[in-house]
$ cat query.pdb   # PDB, C-alpha atoms and all ligand atoms
ATOM      1  CA  MET A  28     -19.038  21.175 -27.222
ATOM      2  CA  LYS A  29     -22.165  22.744 -28.720
ATOM      3  CA  THR A  30     -22.541  25.459 -31.324
ATOM      4  CA  THR A  31     -24.204  28.721 -30.383
ATOM      5  CA  MET A  32     -27.225  27.706 -32.501
ATOM      6  CA  GLN A  33     -27.565  24.395 -30.618
ATOM      7  CA  GLN A  34     -27.283  26.271 -27.339
ATOM      8  CA  HIS A  35     -30.070  28.650 -28.288
ATOM      9  CA  THR A  36     -32.246  25.745 -29.469
ATOM     10  CA  ASP A  37     -31.698  23.924 -26.153
ATOM     11  CA  THR A  38     -32.479  27.090 -24.214
ATOM     12  CA  LEU A  39     -35.667  27.614 -26.189
ATOM     13  CA  ASN A  40     -36.662  23.998 -25.642
ATOM     14  CA  GLY A  41     -36.213  24.481 -21.909
ATOM     15  CA  LYS A  42     -33.482  21.793 -21.825
ATOM     16  CA  SER A  43     -36.032  19.468 -20.241
ATOM     17  CA  ALA A  44     -34.765  16.267 -21.814
ATOM     18  CA  GLN A  45     -31.156  17.063 -21.034
ATOM     19  CA  GLN A  46     -31.842  17.979 -17.440
ATOM     20  CA  GLU A  47     -32.858  14.391 -16.717
ATOM     21  CA  LYS A  48     -29.383  13.377 -17.742
ATOM     22  CA  GLU A  49     -27.424  15.526 -15.300
ATOM     23  CA  PHE A  50     -25.758  13.909 -12.267
ATOM     24  CA  THR A  51     -26.745  16.325  -9.521
ATOM     25  CA  ASP A  52     -28.324  14.021  -6.922
ATOM     26  CA  LEU A  53     -29.490  10.470  -6.261
ATOM     27  CA  HIS A  54     -32.944  10.092  -7.783
ATOM     28  CA  ASN A  55     -33.477   6.769  -9.460
ATOM     29  CA  LYS A  56     -32.629   3.554  -7.591
ATOM     30  CA  GLU A  57     -32.335   1.445 -10.744
ATOM     31  CA  HIS A  58     -30.011   3.962 -12.419
ATOM     32  CA  ILE A  59     -27.889   4.353  -9.270
ATOM     33  CA  ASN A  60     -27.485   0.600  -8.900
ATOM     34  CA  LYS A  61     -26.422   0.348 -12.560
ATOM     35  CA  LEU A  62     -23.782   3.019 -11.873
ATOM     36  CA  ILE A  63     -22.480   1.032  -8.867
ATOM     37  CA  ASP A  64     -22.172  -2.111 -11.026
ATOM     38  CA  SER A  65     -20.483  -0.077 -13.765
ATOM     39  CA  ALA A  66     -18.011   1.360 -11.223
ATOM     40  CA  ILE A  67     -17.129  -2.168 -10.047
ATOM     41  CA  SER A  68     -16.521  -3.226 -13.695
ATOM     42  CA  LEU A  69     -14.409  -0.120 -14.373
ATOM     43  CA  LYS A  70     -12.277  -0.869 -11.312
ATOM     44  CA  ALA A  71     -11.496  -4.275 -12.847
ATOM     45  CA  SER A  72     -10.870  -2.794 -16.346
ATOM     46  CA  PRO A  73     -10.019   0.922 -15.975
ATOM     47  CA  PHE A  74      -9.194   1.443 -19.665
ATOM     48  CA  ALA A  75     -12.032  -0.564 -21.222
ATOM     49  CA  HIS A  76     -13.592   2.704 -22.475
ATOM     50  CA  SER A  77     -10.443   4.749 -23.009
ATOM     51  CA  GLU A  78     -11.652   5.937 -26.431
ATOM     52  CA  THR A  79     -15.144   7.031 -25.355
ATOM     53  CA  GLY A  80     -14.000  10.430 -24.127
ATOM     54  CA  LYS A  81     -11.493  11.119 -26.901
ATOM     55  CA  HIS A  82     -11.713  14.762 -28.045
ATOM     56  CA  LYS A  83     -14.152  15.482 -25.201
ATOM     57  CA  THR A  84     -13.415  17.893 -22.364
ATOM     58  CA  LEU A  85     -14.396  17.924 -18.695
ATOM     59  CA  ALA A  86     -14.381  21.351 -17.016
ATOM     60  CA  MET A  87     -14.011  21.071 -13.238
ATOM     61  CA  LEU A  88     -15.091  24.196 -11.356
ATOM     62  CA  PHE A  89     -14.213  24.518  -7.678
ATOM     63  CA  PHE A  90     -15.706  27.154  -5.398
ATOM     64  CA  ASN A  91     -14.207  25.210  -2.427
ATOM     65  CA  SER A  92     -11.181  23.080  -1.530
ATOM     66  CA  SER A  93     -10.798  19.431  -2.458
ATOM     67  CA  LEU A  94      -8.234  16.643  -2.535
ATOM     68  CA  ARG A  95     -10.084  13.407  -3.336
ATOM     69  CA  THR A  96     -12.871  14.768  -5.521
ATOM     70  CA  ARG A  97     -10.519  16.820  -7.640
ATOM     71  CA  MET A  98      -7.896  14.119  -8.198
ATOM     72  CA  SER A  99     -10.234  11.131  -8.541
ATOM     73  CA  THR A 100     -12.575  12.905 -10.972
ATOM     74  CA  GLN A 101      -9.634  14.060 -13.093
ATOM     75  CA  LYS A 102      -8.222  10.521 -13.090
ATOM     76  CA  ALA A 103     -11.646   9.128 -14.002
ATOM     77  CA  ALA A 104     -11.935  11.503 -16.968
ATOM     78  CA  GLN A 105      -8.418  10.718 -18.149
ATOM     79  CA  ASN A 106      -9.122   6.967 -17.960
ATOM     80  CA  LEU A 107     -11.937   7.631 -20.437
ATOM     81  CA  GLY A 108      -9.601   9.582 -22.736
ATOM     82  CA  MET A 109     -11.033  13.003 -21.834
ATOM     83  CA  ASN A 110      -9.170  16.287 -21.555
ATOM     84  CA  VAL A 111      -9.608  18.071 -18.240
ATOM     85  CA  MET A 112      -9.627  21.778 -17.388
ATOM     86  CA  THR A 113      -9.795  22.875 -13.736
ATOM     87  CA  ILE A 114     -10.435  26.309 -12.288
ATOM     88  CA  ASN A 115     -10.637  27.427  -8.660
ATOM     89  CA  LEU A 116     -13.387  29.930  -9.320
ATOM     90  CA  ASN A 117     -13.182  31.812  -6.022
ATOM     91  CA  GLN A 118      -9.469  32.457  -6.466
ATOM     92  CA  ASP A 119      -8.900  32.565 -10.214
ATOM     93  CA  GLY A 120     -12.266  33.391 -11.801
ATOM     94  CA  TRP A 121     -14.394  36.505 -11.801
ATOM     95  CA  GLN A 122     -16.847  36.742  -8.917
ATOM     96  CA  LEU A 123     -20.147  35.426 -10.255
ATOM     97  CA  GLU A 124     -23.583  37.005  -9.887
ATOM     98  CA  PHE A 125     -26.431  34.484  -9.586
ATOM     99  CA  GLU A 126     -29.403  36.832  -9.152
ATOM    100  CA  ASP A 127     -31.515  37.601 -12.171
ATOM    101  CA  GLY A 128     -32.241  41.212 -13.089
ATOM    102  CA  THR A 129     -29.753  42.673 -10.650
ATOM    103  CA  THR A 130     -27.717  45.829 -11.297
ATOM    104  CA  MET A 131     -24.148  44.625 -11.167
ATOM    105  CA  ASN A 132     -22.502  47.743  -9.745
ATOM    106  CA  ALA A 133     -20.864  46.074  -6.702
ATOM    107  CA  ASP A 134     -18.210  43.336  -6.454
ATOM    108  CA  LYS A 135     -19.627  40.716  -8.883
ATOM    109  CA  ALA A 136     -18.013  41.050 -12.320
ATOM    110  CA  GLU A 137     -19.687  38.282 -14.328
ATOM    111  CA  HIS A 138     -23.198  36.848 -14.478
ATOM    112  CA  ILE A 139     -23.817  33.098 -14.391
ATOM    113  CA  LYS A 140     -25.802  33.428 -17.658
ATOM    114  CA  GLU A 141     -22.680  34.333 -19.643
ATOM    115  CA  ALA A 142     -20.255  32.222 -17.585
ATOM    116  CA  ALA A 143     -22.251  28.984 -17.951
ATOM    117  CA  LEU A 144     -22.767  29.482 -21.693
ATOM    118  CA  VAL A 145     -19.102  30.321 -22.244
ATOM    119  CA  ILE A 146     -17.873  27.271 -20.286
ATOM    120  CA  SER A 147     -20.365  25.111 -22.211
ATOM    121  CA  GLN A 148     -18.537  26.054 -25.410
ATOM    122  CA  TYR A 149     -15.218  24.883 -23.990
ATOM    123  CA  ALA A 150     -16.433  21.686 -22.319
ATOM    124  CA  ASP A 151     -18.657  18.671 -22.962
ATOM    125  CA  ILE A 152     -19.348  18.088 -19.260
ATOM    126  CA  ILE A 153     -19.163  20.573 -16.389
ATOM    127  CA  ALA A 154     -18.392  19.282 -12.878
ATOM    128  CA  LEU A 155     -18.935  21.647  -9.999
ATOM    129  CA  ARG A 156     -18.206  21.959  -6.262
ATOM    130  CA  ALA A 157     -20.033  24.648  -4.252
ATOM    131  CA  PHE A 158     -20.481  24.265  -0.480
ATOM    132  CA  PRO A 159     -23.269  25.854   1.602
ATOM    133  CA  LYS A 160     -22.835  29.098   3.519
ATOM    134  CA  LEU A 161     -24.640  27.520   6.547
ATOM    135  CA  VAL A 162     -26.392  30.806   7.314
ATOM    136  CA  SER A 163     -29.851  30.278   5.801
ATOM    137  CA  ARG A 164     -31.333  26.792   5.394
ATOM    138  CA  GLU A 165     -33.743  28.077   2.762
ATOM    139  CA  ASP A 166     -30.906  29.562   0.691
ATOM    140  CA  ASP A 167     -28.644  26.512   0.960
ATOM    141  CA  TYR A 168     -31.395  23.972   0.261
ATOM    142  CA  GLN A 169     -32.346  25.936  -2.884
ATOM    143  CA  GLU A 170     -28.946  24.916  -4.320
ATOM    144  CA  THR A 171     -28.589  28.282  -6.066
ATOM    145  CA  ILE A 172     -25.165  27.706  -7.633
ATOM    146  CA  LEU A 173     -25.700  24.102  -8.778
ATOM    147  CA  ASN A 174     -29.156  24.838 -10.150
ATOM    148  CA  ALA A 175     -27.944  27.968 -11.948
ATOM    149  CA  PHE A 176     -25.324  25.926 -13.791
ATOM    150  CA  VAL A 177     -27.923  23.268 -14.623
ATOM    151  CA  LYS A 178     -30.257  26.002 -15.881
ATOM    152  CA  TYR A 179     -27.823  28.008 -17.983
ATOM    153  CA  ALA A 180     -25.195  25.457 -19.084
ATOM    154  CA  THR A 181     -25.904  23.661 -22.333
ATOM    155  CA  VAL A 182     -23.910  20.553 -21.405
ATOM    156  CA  PRO A 183     -24.456  18.017 -18.568
ATOM    157  CA  VAL A 184     -23.567  19.082 -15.031
ATOM    158  CA  VAL A 185     -22.013  16.793 -12.397
ATOM    159  CA  ASN A 186     -22.305  17.572  -8.692
ATOM    160  CA  MET A 187     -18.885  17.288  -7.021
ATOM    161  CA  GLU A 188     -20.503  18.289  -3.673
ATOM    162  CA  SER A 189     -23.085  20.990  -3.490
ATOM    163  CA  ALA A 190     -24.724  22.772  -0.571
ATOM    164  CA  THR A 191     -26.820  19.747   0.401
ATOM    165  CA  ALA A 192     -25.574  16.672  -1.497
ATOM    166  CA  HIS A 193     -22.431  14.708  -2.313
ATOM    167  CA  PRO A 194     -23.725  11.976  -4.621
ATOM    168  CA  LEU A 195     -20.298  10.976  -6.021
ATOM    169  CA  GLN A 196     -19.147  10.227  -2.460
ATOM    170  CA  ALA A 197     -22.296   8.197  -1.781
ATOM    171  CA  LEU A 198     -21.723   6.144  -4.941
ATOM    172  CA  ALA A 199     -18.184   5.289  -3.780
ATOM    173  CA  ASP A 200     -19.515   4.463  -0.301
ATOM    174  CA  ALA A 201     -22.195   2.120  -1.628
ATOM    175  CA  MET A 202     -19.653   0.458  -3.901
ATOM    176  CA  THR A 203     -17.308  -0.060  -0.923
ATOM    177  CA  ILE A 204     -20.075  -1.643   1.165
ATOM    178  CA  LYS A 205     -21.047  -3.904  -1.738
ATOM    179  CA  GLU A 206     -17.435  -5.065  -2.084
ATOM    180  CA  LYS A 207     -16.979  -5.769   1.629
ATOM    181  CA  GLN A 208     -20.357  -7.031   2.825
ATOM    182  CA  THR A 209     -20.555 -10.618   3.982
ATOM    183  CA  HIS A 210     -24.298 -10.687   4.829
ATOM    184  CA  LYS A 211     -27.126 -10.272   2.354
ATOM    185  CA  LYS A 212     -28.532  -7.406   4.427
ATOM    186  CA  PRO A 213     -25.749  -5.781   6.483
ATOM    187  CA  LYS A 214     -26.445  -3.445   9.368
ATOM    188  CA  VAL A 215     -25.124   0.025   8.473
ATOM    189  CA  VAL A 216     -24.949   2.723  11.146
ATOM    190  CA  LEU A 217     -24.398   6.391  10.332
ATOM    191  CA  THR A 218     -23.137   8.086  13.466
ATOM    192  CA  TRP A 219     -22.634  11.769  14.129
ATOM    193  CA  ALA A 220     -19.164  12.499  15.546
ATOM    194  CA  PRO A 221     -17.722  15.621  17.160
ATOM    195  CA  HIS A 222     -15.882  18.337  15.215
ATOM    196  CA  PRO A 223     -14.784  21.853  16.151
ATOM    197  CA  LYS A 224     -16.284  23.520  13.062
ATOM    198  CA  ALA A 225     -19.770  23.713  11.564
ATOM    199  CA  LEU A 226     -19.860  21.267   8.656
ATOM    200  CA  PRO A 227     -22.467  20.772   5.904
ATOM    201  CA  GLN A 228     -25.106  18.024   5.842
ATOM    202  CA  ALA A 229     -24.201  17.047   2.263
ATOM    203  CA  VAL A 230     -22.375  13.795   3.024
ATOM    204  CA  PRO A 231     -24.889  12.402   5.571
ATOM    205  CA  ASN A 232     -27.785  13.507   3.341
ATOM    206  CA  SER A 233     -26.426  11.613   0.349
ATOM    207  CA  PHE A 234     -25.329   8.614   2.420
ATOM    208  CA  VAL A 235     -28.827   8.250   3.893
ATOM    209  CA  LYS A 236     -30.435   8.645   0.459
ATOM    210  CA  MET A 237     -28.078   6.065  -1.000
ATOM    211  CA  MET A 238     -28.504   3.535   1.829
ATOM    212  CA  ARG A 239     -32.298   3.821   1.508
ATOM    213  CA  MET A 240     -31.828   2.543  -2.063
ATOM    214  CA  GLN A 241     -29.740  -0.431  -0.905
ATOM    215  CA  ALA A 242     -30.595  -3.741   0.780
ATOM    216  CA  VAL A 243     -29.234  -2.721   4.184
ATOM    217  CA  ASP A 244     -30.556  -2.285   7.705
ATOM    218  CA  LEU A 245     -29.863   1.457   8.169
ATOM    219  CA  VAL A 246     -29.706   3.147  11.580
ATOM    220  CA  VAL A 247     -28.758   6.785  12.210
ATOM    221  CA  THR A 248     -27.483   7.968  15.584
ATOM    222  CA  HIS A 249     -26.727  11.495  16.777
ATOM    223  CA  PRO A 250     -27.248  13.759  19.803
ATOM    224  CA  GLU A 251     -30.670  15.420  19.998
ATOM    225  CA  GLY A 252     -30.786  18.543  17.833
ATOM    226  CA  TYR A 253     -28.844  16.966  14.958
ATOM    227  CA  GLU A 254     -31.880  15.477  13.180
ATOM    228  CA  LEU A 255     -31.377  15.486   9.399
ATOM    229  CA  SER A 256     -33.985  16.691   6.907
ATOM    230  CA  PRO A 257     -37.214  14.685   7.452
ATOM    231  CA  GLU A 258     -37.646  14.559   3.670
ATOM    232  CA  ILE A 259     -34.296  12.799   3.299
ATOM    233  CA  MET A 260     -34.682  10.564   6.367
ATOM    234  CA  GLY A 261     -38.169   9.265   5.547
ATOM    235  CA  ASP A 262     -38.795   6.294   7.841
ATOM    236  CA  THR A 263     -35.093   5.711   8.610
ATOM    237  CA  LYS A 264     -34.592   4.483  12.189
ATOM    238  CA  VAL A 265     -32.972   6.999  14.569
ATOM    239  CA  ILE A 266     -31.521   5.799  17.884
ATOM    240  CA  TYR A 267     -30.196   8.593  20.096
ATOM    241  CA  ASP A 268     -28.130   6.231  22.263
ATOM    242  CA  GLN A 269     -24.943   5.660  20.241
ATOM    243  CA  GLU A 270     -23.975   2.461  22.088
ATOM    244  CA  GLU A 271     -27.345   0.900  21.404
ATOM    245  CA  ALA A 272     -27.302   2.030  17.761
ATOM    246  CA  LEU A 273     -23.861   0.541  17.108
ATOM    247  CA  LYS A 274     -24.789  -2.895  18.518
ATOM    248  CA  ASP A 275     -24.158  -5.658  15.900
ATOM    249  CA  ALA A 276     -23.221  -3.118  13.220
ATOM    250  CA  ASP A 277     -21.412  -4.458  10.156
ATOM    251  CA  PHE A 278     -20.452  -0.985   8.906
ATOM    252  CA  ILE A 279     -20.036   2.156  11.026
ATOM    253  CA  TYR A 280     -19.957   5.399   9.010
ATOM    254  CA  ALA A 281     -18.859   8.380  11.106
ATOM    255  CA  LYS A 282     -19.426  11.962  10.044
ATOM    256  CA  ASN A 283     -19.936  15.285  11.693
ATOM    257  CA  TRP A 284     -22.653  17.624  10.516
ATOM    258  CA  SER A 285     -24.045  20.897  11.848
ATOM    259  CA  SER A 286     -27.647  21.196  12.961
ATOM    260  CA  PHE A 287     -30.410  21.172  10.331
ATOM    261  CA  THR A 288     -33.089  22.375  12.745
ATOM    262  CA  GLU A 289     -30.995  25.126  14.370
ATOM    263  CA  TYR A 290     -29.456  25.620  10.997
ATOM    264  CA  GLY A 291     -25.664  25.608  10.737
ATOM    265  CA  LYS A 292     -25.103  25.627  14.500
ATOM    266  CA  VAL A 293     -22.648  23.454  16.460
ATOM    267  CA  LEU A 294     -24.855  22.323  19.352
ATOM    268  CA  SER A 295     -22.470  19.793  20.842
ATOM    269  CA  GLN A 296     -18.814  18.839  20.723
ATOM    270  CA  ASP A 297     -19.310  15.915  23.102
ATOM    271  CA  GLU A 298     -16.120  13.889  22.796
ATOM    272  CA  ASN A 299     -17.940  10.809  24.073
ATOM    273  CA  TRP A 300     -19.283  10.495  20.512
ATOM    274  CA  MET A 301     -15.781   9.943  19.064
ATOM    275  CA  ILE A 302     -15.391   6.496  17.485
ATOM    276  CA  THR A 303     -13.022   4.237  19.425
ATOM    277  CA  PRO A 304     -11.980   0.559  19.029
ATOM    278  CA  GLU A 305     -14.354  -0.374  21.879
ATOM    279  CA  LYS A 306     -17.248   0.983  19.790
ATOM    280  CA  THR A 307     -16.287  -0.521  16.427
ATOM    281  CA  GLY A 308     -15.622  -4.070  17.682
ATOM    282  CA  GLU A 309     -15.557  -6.244  14.539
ATOM    283  CA  ALA A 310     -17.373  -3.705  12.359
ATOM    284  CA  PHE A 311     -15.841  -1.973   9.366
ATOM    285  CA  PHE A 312     -15.185   1.753   9.850
ATOM    286  CA  MET A 313     -16.030   4.286   7.134
ATOM    287  CA  HIS A 314     -15.508   8.043   6.683
ATOM    288  CA  CYS A 315     -15.461  10.174   3.541
ATOM    289  CA  LEU A 316     -12.224  12.015   4.536
ATOM    290  CA  PRO A 317     -10.677  14.391   5.346
ATOM    291  CA  VAL A 318     -10.981  13.305   8.979
ATOM    292  CA  ARG A 319      -9.682  14.831  12.199
ATOM    293  CA  ARG A 320      -7.811  12.112  14.079
ATOM    294  CA  ASN A 321      -8.669  11.674  17.751
ATOM    295  CA  VAL A 322     -11.569  14.097  17.413
ATOM    296  CA  VAL A 323     -13.910  12.218  15.062
ATOM    297  CA  VAL A 324     -12.195   8.826  15.347
ATOM    298  CA  ALA A 325      -9.322   7.371  17.346
ATOM    299  CA  ASP A 326      -5.990   6.550  15.685
ATOM    300  CA  ALA A 327      -6.440   2.895  16.669
ATOM    301  CA  VAL A 328      -9.574   2.639  14.495
ATOM    302  CA  LEU A 329      -8.200   4.534  11.494
ATOM    303  CA  ASP A 330      -4.982   2.514  11.569
ATOM    304  CA  SER A 331      -6.737  -0.841  11.942
ATOM    305  CA  LYS A 332      -7.501  -3.277   9.146
ATOM    306  CA  GLN A 333     -11.211  -2.596   9.712
ATOM    307  CA  SER A 334     -10.831   0.940   8.407
ATOM    308  CA  LEU A 335     -12.155   1.301   4.858
ATOM    309  CA  VAL A 336     -11.354   4.990   4.403
ATOM    310  CA  ILE A 337      -8.604   4.384   1.832
ATOM    311  CA  ASP A 338     -10.824   1.913  -0.061
ATOM    312  CA  GLN A 339     -13.585   4.554  -0.145
ATOM    313  CA  ALA A 340     -11.160   7.157  -1.504
ATOM    314  CA  ASN A 341      -9.938   4.684  -4.129
ATOM    315  CA  ASN A 342     -13.518   3.963  -5.177
ATOM    316  CA  ARG A 343     -14.101   7.673  -5.812
ATOM    317  CA  THR A 344     -12.227   7.206  -9.112
ATOM    318  CA  TRP A 345     -14.356   4.315 -10.337
ATOM    319  CA  SER A 346     -17.657   5.835  -9.299
ATOM    320  CA  ALA A 347     -16.785   9.145 -10.979
ATOM    321  CA  GLN A 348     -15.698   7.205 -14.059
ATOM    322  CA  ALA A 349     -19.033   5.370 -14.139
ATOM    323  CA  VAL A 350     -20.912   8.687 -13.972
ATOM    324  CA  LEU A 351     -18.805  10.341 -16.697
ATOM    325  CA  LEU A 352     -19.074   7.276 -18.936
ATOM    326  CA  ASP A 353     -22.856   7.260 -18.505
ATOM    327  CA  LEU A 354     -23.069  10.972 -19.385
ATOM    328  CA  LEU A 355     -20.782  10.544 -22.395
ATOM    329  CA  HIS A 356     -22.982   7.708 -23.678
ATOM    330  CA  ASN A 357     -26.193   9.663 -23.116
ATOM    331  CA  ASN A 358     -25.332  13.286 -23.782
ATOM    332  CA  ALA A 359     -22.002  14.601 -24.833
TER     333      ALA A 359
HETATM  334  N1  LIG B 401     -14.502  13.186   0.452
HETATM  335  C1  LIG B 401     -14.225  14.266  -0.288
HETATM  336  O1  LIG B 401     -15.073  14.799  -1.016
HETATM  337  O2  LIG B 401     -12.925  14.690  -0.213
HETATM  338  P1  LIG B 401     -12.407  16.091  -0.754
HETATM  339  O3  LIG B 401     -13.164  17.161  -0.015
HETATM  340  O4  LIG B 401     -10.923  16.104  -0.456
HETATM  341  O5  LIG B 401     -12.682  16.169  -2.220
END
$ encode --input "query.pdb" --output "C-alpha cells"
Amino acid sequence: MKTTMQQHTDTLNGKSAQQEKEFTDLHNKEHINKLIDSAISLKASPFAHSETGKHKTLAMLFFNSSLRTRMSTQKAAQNLGMNVMTINLNQDGWQLEFEDGTTMNADKAEHIKEAALVISQYADIIALRAFPKLVSREDDYQETILNAFVKYATVPVVNMESATAHPLQALADAMTIKEKQTHKKPKVVLTWAPHPKALPQAVPNSFVKMMRMQAVDLVVTHPEGYELSPEIMGDTKVIYDQEEALKDADFIYAKNWSSFTEYGKVLSQDENWMITPEKTGEAFFMHCLPVRRNVVVADAVLDSKQSLVIDQANNRTWSAQAVLLDLLHNNA
C-alpha cells in the first residue's frame, strides 16, 4: 500500500515506469515465456514463495461473473501468502463514473478518480474483470474501465478479462499446450463454434496473440463474417473450411465469439460447426470454460481423455500465481 504522498508523486511523474509493470495484455514475448516457465515451476512447488506476499493485499474487482478466474486468482494469491479482498462492483459497489469533467447528477455515485486511489490505499495489487458491452467496437476496444484503473490506481493492475483481452487465460492455455505437446512445433487450430448469445472476442484475441509468440503452426477457422481484428491476427492463416483447417491438428481450441466486423452481432448459429469426436480424431480438445455442452462441443469430446479443459482450469492458478509473483518482485 502507498502513502498519499507517494500516490501524488507517482501521479505527478505520470506513472510511466510503473505502467510497464502492469499485467493488462500480452506484449513482450520474452517476458510472457518467462511467466509460462515460472507457472510450470510454481505448479511443481506451489508454496516455494509463500512468504513473498506476506502482509500484501490483492483486491479483486468484478464487474462481471466468474468461477475460474475468481477462485484460481484467489488461490494463487493465498499460495504467495497474500490477503485477498473481493468485491462484485456492479452489485455491491457504488456505480462508477469514468468520464472526465462530467456533472454527476444522474445514477453514477462515485468517480473512478477517487475509487481507484482509495482502493490503492487498501491493496498492493488490483485485479479487475470488466467485459465489453458489444454495442460499439470503438468504445470496447478503448478499454475504458481497464485503462481508467491503470491511469488512476497507484498500484499494479492485473487484467482478469477486459473488453478485448483475457491474458491470464492465454497464459494457462500456453502452459497447457507446453505440458502436453509431443512435437517441437504442434499444429494448433482455433475454431469458432456456435453459441446462442453474443460473446466477446477477448479469449480468441488473447489466444491468437499468445500462439503467435509460441513455436506452433497456428490456423484459425470460422464462418465468413467472424474475422478477428486484423491487428491481432497479423499474418495468421485463416481457413474458412473447418474440416480442412482441422486436418492433422494436435490441439483444437474451440470458442465462440461475436462478429468483429459487424460488431457484436451473432451472424450464424450453424450447428455444423460444433466440435464432435469425428472432428477431433486424435487431437487434444481445449476450451476456456464455461462451455455449453452439445452446442459448442459434444459430450463425447468433453468426456474423453483428449479433453484438456480441466487441465486448463487447473493451470489458471499457476499462471495467475506467476503473474502475481512477478508483480510482487517488481512493484509492490
Ligand atoms: N475461463 C474463465 O475465465 O472462466 P470464468 O469466466 O469462470 O472466470
$ resolve_selection --input "query.pdb" --expression "the PyMOL selection byres (((not hetatm)) within 9 of (chain B and resi 401))" --output "number ranges by chain"
A: 91-99, 156, 187-188, 193, 195-196, 230, 314-317, 339-340, 343
$ residues_around --input "query.pdb" --residues "A:Pro159" --least-positions-apart "6" --cutoff "10 Å" --atoms "only C-alpha atoms" --output "list in words"
Asn91, Asp166, Asp167, Tyr168, Glu170, Thr171, Ile172, Glu188, Ser189, Ala190, Thr191, Ala192, Leu226, Pro227, Gln228, Ala229 and Gly291 of chain A
$ closest_residue --input "query.pdb" --among "A:Asn321, A:Thr218, A:Asn174, A:Ser334" --to "A:Glu49" --atoms "all atoms listed in the file"
A:Asn174
$ resolve_selection --input "query.pdb" --expression "the PyMOL selection byres (((chain A and resi 344) around 12) and not hetatm)" --output "PyMOL selection string"
chain A and resi 63+65-67+69-70+73+95-107+195-196+198-200+202+337-343+345-352
$ write_last_selection --input "query.pdb" --atoms "C-alpha atoms" --output "mmCIF file, keeping the file's coordinate frame"
data_model
loop_
_atom_site.group_PDB
_atom_site.id
_atom_site.type_symbol
_atom_site.label_atom_id
_atom_site.label_comp_id
_atom_site.auth_asym_id
_atom_site.auth_seq_id
_atom_site.Cartn_x
_atom_site.Cartn_y
_atom_site.Cartn_z
ATOM 1 C CA ILE A 63 -22.480 1.032 -8.867
ATOM 2 C CA SER A 65 -20.483 -0.077 -13.765
ATOM 3 C CA ALA A 66 -18.011 1.360 -11.223
ATOM 4 C CA ILE A 67 -17.129 -2.168 -10.047
ATOM 5 C CA LEU A 69 -14.409 -0.120 -14.373
ATOM 6 C CA LYS A 70 -12.277 -0.869 -11.312
ATOM 7 C CA PRO A 73 -10.019 0.922 -15.975
ATOM 8 C CA ARG A 95 -10.084 13.407 -3.336
ATOM 9 C CA THR A 96 -12.871 14.768 -5.521
ATOM 10 C CA ARG A 97 -10.519 16.820 -7.640
ATOM 11 C CA MET A 98 -7.896 14.119 -8.198
ATOM 12 C CA SER A 99 -10.234 11.131 -8.541
ATOM 13 C CA THR A 100 -12.575 12.905 -10.972
ATOM 14 C CA GLN A 101 -9.634 14.060 -13.093
ATOM 15 C CA LYS A 102 -8.222 10.521 -13.090
ATOM 16 C CA ALA A 103 -11.646 9.128 -14.002
ATOM 17 C CA ALA A 104 -11.935 11.503 -16.968
ATOM 18 C CA GLN A 105 -8.418 10.718 -18.149
ATOM 19 C CA ASN A 106 -9.122 6.967 -17.960
ATOM 20 C CA LEU A 107 -11.937 7.631 -20.437
ATOM 21 C CA LEU A 195 -20.298 10.976 -6.021
ATOM 22 C CA GLN A 196 -19.147 10.227 -2.460
ATOM 23 C CA LEU A 198 -21.723 6.144 -4.941
ATOM 24 C CA ALA A 199 -18.184 5.289 -3.780
ATOM 25 C CA ASP A 200 -19.515 4.463 -0.301
ATOM 26 C CA MET A 202 -19.653 0.458 -3.901
ATOM 27 C CA ILE A 337 -8.604 4.384 1.832
ATOM 28 C CA ASP A 338 -10.824 1.913 -0.061
ATOM 29 C CA GLN A 339 -13.585 4.554 -0.145
ATOM 30 C CA ALA A 340 -11.160 7.157 -1.504
ATOM 31 C CA ASN A 341 -9.938 4.684 -4.129
ATOM 32 C CA ASN A 342 -13.518 3.963 -5.177
ATOM 33 C CA ARG A 343 -14.101 7.673 -5.812
ATOM 34 C CA TRP A 345 -14.356 4.315 -10.337
ATOM 35 C CA SER A 346 -17.657 5.835 -9.299
ATOM 36 C CA ALA A 347 -16.785 9.145 -10.979
ATOM 37 C CA GLN A 348 -15.698 7.205 -14.059
ATOM 38 C CA ALA A 349 -19.033 5.370 -14.139
ATOM 39 C CA VAL A 350 -20.912 8.687 -13.972
ATOM 40 C CA LEU A 351 -18.805 10.341 -16.697
ATOM 41 C CA LEU A 352 -19.074 7.276 -18.936
#
$ atom_distance --input "query.pdb" --atom1 "atom CA of A:Arg239" --atom2 "atom CA of A:Leu173"
23.7 Å
$ closest_residue --input "query.pdb" --among "A:Thr263, A:Val182, A:Pro221, A:Lys214" --to "A:Val235" --atoms "all atoms listed in the file"
A:Thr263
$ closest_residue --input "query.pdb" --among "A:Thr79, A:Leu294, A:Ile59, A:Ser286" --to "A:Gln241" --atoms "all atoms listed in the file"
A:Ile59
$ closest_residue --input "query.pdb" --among "A:Lys56, A:Leu144, A:Asp262, A:Ile153" --to "A:Phe89" --atoms "only C-alpha atoms"
A:Ile153
$ resolve_selection --input "query.pdb" --expression "the PyMOL selection byres (((chain A and resi 242) around 12) and not hetatm)" --output "list in words"
Lys56, Asn60, Ala201, Ile204, Lys205, Gln208, His210, Lys211, Lys212, Pro213, Lys214, Val215, Met237, Met238, Arg239, Met240, Gln241, Val243, Asp244 and Leu245 of chain A
$ write_last_selection --input "query.pdb" --atoms "C-alpha atoms" --output "compact mmCIF listing (two decimals), keeping the file's coordinate frame"
# COMPACT_ATOMS: atom_id res chain seq x y z
CA LYS A 56 -32.63 3.55 -7.59
CA ASN A 60 -27.48 0.60 -8.90
CA ALA A 201 -22.20 2.12 -1.63
CA ILE A 204 -20.08 -1.64 1.16
CA LYS A 205 -21.05 -3.90 -1.74
CA GLN A 208 -20.36 -7.03 2.82
CA HIS A 210 -24.30 -10.69 4.83
CA LYS A 211 -27.13 -10.27 2.35
CA LYS A 212 -28.53 -7.41 4.43
CA PRO A 213 -25.75 -5.78 6.48
CA LYS A 214 -26.44 -3.44 9.37
CA VAL A 215 -25.12 0.02 8.47
CA MET A 237 -28.08 6.06 -1.00
CA MET A 238 -28.50 3.54 1.83
CA ARG A 239 -32.30 3.82 1.51
CA MET A 240 -31.83 2.54 -2.06
CA GLN A 241 -29.74 -0.43 -0.90
CA VAL A 243 -29.23 -2.72 4.18
CA ASP A 244 -30.56 -2.28 7.70
CA LEU A 245 -29.86 1.46 8.17
